[in-house]
Every structure is written in structure tokens, then in C-alpha cells.
Amino acid sequence: MTATSVTGPRQWHRFSLTERIMRSAFYLMALIAIVWSLRSIEIIPEFLYDAPQQTVDLFARMWPIDWAWYPKVVHAALLETLHIATLGTVLAVLIASLVALLVARNITRSAVLNGIGRFILVATRSVHAVVWALFFVAVFGPGALAGTLAIAVHSIGFTGKFLSEAIEEVKSGPIEALTAAGAPPLAILLKGYWPQVKPAFLAIAMFRWDINVRESAVLGLVGGGGLGMALDTAMSNLYWDQAGLVLFVIFVIVIAVEIVTAWIRGRMI
Amino acid sequence: MSDTSLSARPQRLAFPPNWPARIGFTALALYVLYASTVVDITWARFLTGLEQGSRFLSRMFPPNTAADKLALLHSGMSESLQIAIIATAVGVLLSLPLGLAAARNLAPAPLAWASRGLIVAFRTFHPVIVAILFVKAVGFGALAGMLALVVASLGFLSKLIAEAVEEMSMKQVEAVRATGASFLAVVIMAVLPQVMARFIGFSAYQLDSNLRNSALVGLVGGGGIGATLFTAFQRFDYDFVLTIVLAIIGIVMVGEIVSGFMRRLFQ
């Protein structure tokens, strides 16, 4: 018995045969997809000849940046962008908390309701904030209201997903103690669940706010208010020095928000 | 004696009021009120909007499935897919060297800091803004959208690769180096095996996110389904808009399933 198994050098493989076949099939599929894309995509080569000149021209028009435009228009637009991001995040967190309660299996014990909640999360997340903004601009007219709602609705999916996961990970001890003491459902929610999910809740809200500042800076391109609106105006008027100013302001505010959230996160942990 | 001291002791509440939290929430509520008035969000405007919204929704149903519209949808969607696939492939290929150059345990410090600066610049700007700049540089069409998504992929993937490489165990690197291996051999034999699984996971996620964003770059002239969507909006073809949005949701969901499968395959 043992003698037969020792005969001949044994072959060692890192992955099983099925794994290797699946992976090779996957590489093949990826290759086919890339080749298909490269062969059928339409690129107009004539546009490429003058790309370097166009790029140089673009930056030459942006320089020197028109700083005088900042106090006139961009400062107000910057504040509006920050308001849109913050209001949108607050609204998103409020709605997402309700949806998260619906999705969390340890709170809502109905598979149908869980499914409905999950669908809301996926549907809001799949449509980009800018597309939501197009919708809301058509409904409410251009301005900060459309932008805020676009940010809020798009953020529900992301925030709700992580919140429901945090709720499902709650330890059952305090909940059972409160139930045994005869606490009403709202009290169980506030004193049993809330203290346990609070750190995750604040971290998620902070992380989403960081993303939302970035997103709200471009919503104005479709009429959602804020810095994007200023950028759109500048570019429509072909004032590239003003567009350069807006791009610079976006760069600074995004970095500043990242530093602030990193600092707060460091202090919270 | 003991009785009075007991009663004198302040009653301990099971749930004492949490003043910092109360103040925090009040401040947040006040801010929301203030900010809403500043950016002119009013209840009246919301109500008129709702009225408008119901008219809007009624014009969206049923989704338009006329043959010529479906042909438009198909050509826009396949262009978006091509943009996403090429952008992911190019992004993955380029992000590997950039990520390695940004890892402080492998690359010399000046190179690492320069690469990090580049990655931060790539990550800061939203793909839509990058797309605007590329549309100016290389003209309208799929190429501009593709380049914008390549930049976005580079920013995301390189950062995560650099982090993964910095977290890996240096023992294997030292072992391979001790054999006198060249830098390329160190990367292939010691670094890649440690980060490959995570790298493929990130790439799968990036494919997902590029699919989503390829619908977006078209709004500013970057080609693909976004261009079709924007045109439909401007022509008030709201029933076709609904068709497009549903198609985007479908593609994104399929993409999520594919990338989930990919992650499990290379776990």
C-alpha cells in the first residue's frame, strides 16, 4: 500500500483542478472581453493628432488663475457645496437608519420586508448621484434643493448597507436584559441597540460626508447647485482662468475634508 | 444614622442624561435649519416640486421600447461596456508599477513620495471633472471617457496596492533577495504572490465602479450610454430615460454579480 503511493514523484499543486480550470476560463474570458472592446471601440484618430497642443493650450488658458473671481462667485458656491453635502448626508442618514432597521434580520423578522429594504438599498446605489441630480433638476428645477436630494437619495444605499450590517452584529445580552425588564420597543432600540451601533454609525456618516463633498462639487454641471454650477458657467463662457480657479478650489476643499475626517477618525478610535 | 446617609446619597439613574450628545444633536438640528434657509430649500418649493414630479413620473411610464430607441440603447451600452473594460484593463496594468513605486518599504523615499503625490492628484478629482479636461484635450467621444476612467482606476488601485505592499511580510522579500535575485525577480517571486489575491479583489471592485462611472462620463462628452441619457433628457424623452436608467441598473447589478464571482474565484 505505502510502497505504491511512494512510487514516482508526487505532483504538488497550489490549486485544485477545478480551480485551475475555472481560473484559466476566467483569464480567457477577460482576454476575449478586452480584445472585443479594443476592436469595436470607436476612436477618431484625427482628434489625437493635436491632443498635445490642445492640452498645452488648455493649461495656458487657465494660467494665470483669475483669483478676483473667488470673492464674487466662487466663495458662495463653495459654501453651497458644503451645505449640500452636509444636508444631503444628514437626510441620507435619517432615511437610511429607517431602511437599515427594515433590512436588519434581527429587528425585522420578515423575509419579504427584508427583501424590500434590500431592493431600496441596491436601487438607490446603482443610479449615480449625477443621474439622480438630472431627475431632481427636472422635478424641482435647478438649484441646491435638487442637489441635496440627489446626494441624499444616492447615499441611502451605501449608508443603509453598512448600518444594517452594524445592527446585525449587535450583541444580544443588553437587548435580552431590557426585554426581560419589560422595556417597550422604542426603549430597547434607544438603550439596547443605539449605544452599540453608535461608533459604527458615526464612522459611516463621516465617511459618507467625505465622499459627498467630492460628489456635490460636480452636481452643478447638471444644475444641482454649488461649485459645479460655477465651473459650468466659467466653461460655457470659455473663461478658462475662472474654471482653473474652481478646479483649484475643489482640489483644496477635497484635501481639507480628507484631512479633517482622518483627524476625527483618529480621535474617535 | 445609616438611614439618613442612604437617603442623602444622590439617586443614581440607570440612564443618566448624556449632555454632550444632546447639545451635539441640538447643534446639528440648528445647523440643518440654518443651512436649509441659506441654500433656499423651502417646504413650498418642495410641494410644487412634488406636483411636478407626479407629472414627470406619468410621462416616464411605460418605458419606451421602440426598435430605434433600443438600437440607440444597445450601441450606447456596448460603448460604455467597452470603455469600462479597456479602462479597467489599462488601469490594472499601470497601477501595478505605480503602486509598487508608492510603497515605502520597496521604493526609495523620493520616488515613493512623488508617486504618492501623483496618486493623491488622481484621486482628488471626480471622474466627471477629469473627463471634461480630456474632452478638451482629445475631443468628444469614447477615448476621453476611457482616459478619465483610467485616471480614476489608477488613483484607487495604486493606493490600495501600495497599502497592501506596505502591509506584507518582508521575510519572503529578504529571503529572495538573499539569493541574489534581481529587483524584478523579487517583485515576481516575493511581492506579487502576497498581494495578488487582494489585488484581484480590488480590480473586480474597480470594474464595478468603472461600469457605474462609464454611464457618467458621457454626460460631459465622454461617449457611451451617458451621452444617450443626456440627449434623452434634453429632448424630454422621459420614457426613454426610464428605459436607459433601468438598463444601467441591470448592467450594474450583473457587473456586481460577475465581480463577486471573480473575487470568490481568486480568494
# chains A, B, ... in the order shown; residues from 1 in each chain; ligands from 1
$ interface_residues --of "chain B" --to "chain A" --cutoff "6 Å" --atoms "only C-alpha atoms" --output "ChimeraX atom specification"
/B:39,41,49,52-53,82,137-139,249
$ residues_around --residues "range 193-196 of chain B" --least-positions-apart "4" --cutoff "8 Å" --atoms "only C-alpha atoms" --output "MDAnalysis selection string"
chainID B and resid 161 164:165 168 188:189 200
$ residues_around --residues "Ser58 in chain B" --least-positions-apart "5" --cutoff "12 Å" --atoms "only C-alpha atoms" --output "ChimeraX atom specification"
/B:51-53,63,238-239,242
$ closest_residue --among "B:Leu229, B:Leu265, B:Val151, B:Leu192" --to "Ile129 in chain B" --atoms "only C-alpha atoms"
B:Val151
$ select_by_dssp --residues "range 4-239 of chain A" --states "helix (DSSP H, G or I)" --output "MDAnalysis selection string"
chainID A and resid 4:6 17:40 45:49 51:62 69:103 111:126 129:140 144:168 172:180 185:222 227:236
$ residues_around --residues "range 152-163 of chain A" --least-positions-apart "5" --cutoff "9 Å" --atoms "only C-alpha atoms" --output "VMD selection string"
chain A and resid 85 87 to 101 103 to 104 118 120 to 129 132 147 168 197 200 to 201 204 to 205 208 212
$ atom_distance --atom1 "CA of Val128 in chain B" --atom2 "CA of Ala232 in chain B"
19.0 Å
$ closest_residue --among "B:Leu72, B:Ala112, B:Leu216, B:Leu106" --to "Ala133 in chain A" --atoms "only C-alpha atoms"
B:Leu216
$ residues_around --residues "Gly145 in chain B" --least-positions-apart "4" --cutoff "8 Å" --atoms "only C-alpha atoms" --output "short mmCIF file (atom, residue, chain, number, x, y, z; two decimals) with all heavy atoms, in the first residue's frame"
data_model
loop_
_atom_site.label_atom_id
_atom_site.label_comp_id
_atom_site.auth_asym_id
_atom_site.auth_seq_id
_atom_site.Cartn_x
_atom_site.Cartn_y
_atom_site.Cartn_z
N ILE B 83 -15.72 50.97 -22.90
CA ILE B 83 -14.97 51.97 -22.14
C ILE B 83 -14.57 51.40 -20.78
O ILE B 83 -13.41 51.48 -20.36
CB ILE B 83 -15.82 53.25 -21.95
CG1 ILE B 83 -16.00 53.96 -23.28
CG2 ILE B 83 -15.18 54.17 -20.93
CD1 ILE B 83 -16.92 55.15 -23.18
N ALA B 131 -12.91 63.94 -16.97
CA ALA B 131 -13.46 63.72 -18.31
C ALA B 131 -13.59 65.05 -19.06
O ALA B 131 -13.28 65.12 -20.25
CB ALA B 131 -14.81 63.02 -18.21
N PHE B 134 -10.26 65.92 -20.40
CA PHE B 134 -9.86 65.06 -21.51
C PHE B 134 -10.68 65.34 -22.76
O PHE B 134 -10.17 65.20 -23.88
CB PHE B 134 -9.96 63.59 -21.13
CG PHE B 134 -8.74 63.08 -20.42
CD1 PHE B 134 -8.82 62.56 -19.14
CD2 PHE B 134 -7.51 63.13 -21.04
CE1 PHE B 134 -7.69 62.11 -18.49
CE2 PHE B 134 -6.37 62.67 -20.40
CZ PHE B 134 -6.47 62.16 -19.11
N VAL B 135 -11.94 65.73 -22.59
CA VAL B 135 -12.75 66.07 -23.76
C VAL B 135 -12.13 67.27 -24.46
O VAL B 135 -12.03 67.32 -25.69
CB VAL B 135 -14.22 66.36 -23.35
CG1 VAL B 135 -14.95 67.04 -24.48
CG2 VAL B 135 -14.92 65.08 -22.98
N GLY B 141 -15.98 61.93 -27.41
CA GLY B 141 -16.00 60.54 -27.79
C GLY B 141 -15.48 59.60 -26.72
O GLY B 141 -15.12 60.02 -25.62
N LEU B 149 -11.56 57.42 -16.96
CA LEU B 149 -11.73 56.27 -16.07
C LEU B 149 -10.40 55.59 -15.77
O LEU B 149 -10.22 55.04 -14.68
CB LEU B 149 -12.70 55.26 -16.69
CG LEU B 149 -14.15 55.75 -16.78
CD1 LEU B 149 -15.05 54.63 -17.25
CD2 LEU B 149 -14.64 56.28 -15.45
N SER B 214 -18.89 54.78 -16.20
CA SER B 214 -18.89 54.93 -17.66
C SER B 214 -20.24 55.47 -18.11
O SER B 214 -20.34 56.06 -19.18
CB SER B 214 -18.58 53.60 -18.33
OG SER B 214 -19.64 52.71 -18.15
N VAL B 217 -19.47 59.57 -17.53
CA VAL B 217 -18.57 60.44 -18.28
C VAL B 217 -19.21 60.91 -19.58
O VAL B 217 -18.83 61.94 -20.13
CB VAL B 217 -17.23 59.73 -18.56
CG1 VAL B 217 -16.44 59.57 -17.29
CG2 VAL B 217 -17.44 58.41 -19.23
N GLY B 218 -20.22 60.15 -20.07
CA GLY B 218 -20.91 60.56 -21.28
C GLY B 218 -21.67 61.86 -21.11
O GLY B 218 -21.91 62.59 -22.09
N GLY B 221 -19.57 64.53 -22.46
CA GLY B 221 -18.98 64.36 -23.79
C GLY B 221 -18.02 63.21 -23.89
O GLY B 221 -17.28 63.11 -24.86
N GLY B 222 -18.02 62.32 -22.90
CA GLY B 222 -17.07 61.21 -22.90
C GLY B 222 -17.57 59.96 -23.57
O GLY B 222 -16.98 58.91 -23.43
N GLY B 223 -18.67 60.03 -24.29
CA GLY B 223 -19.17 58.87 -25.03
C GLY B 223 -19.93 57.89 -24.16
O GLY B 223 -20.02 58.05 -22.94
#
$ residues_around --residues "range 115-123 of chain B" --least-positions-apart "5" --cutoff "8 Å" --atoms "only C-alpha atoms" --output "count of residues only"
11
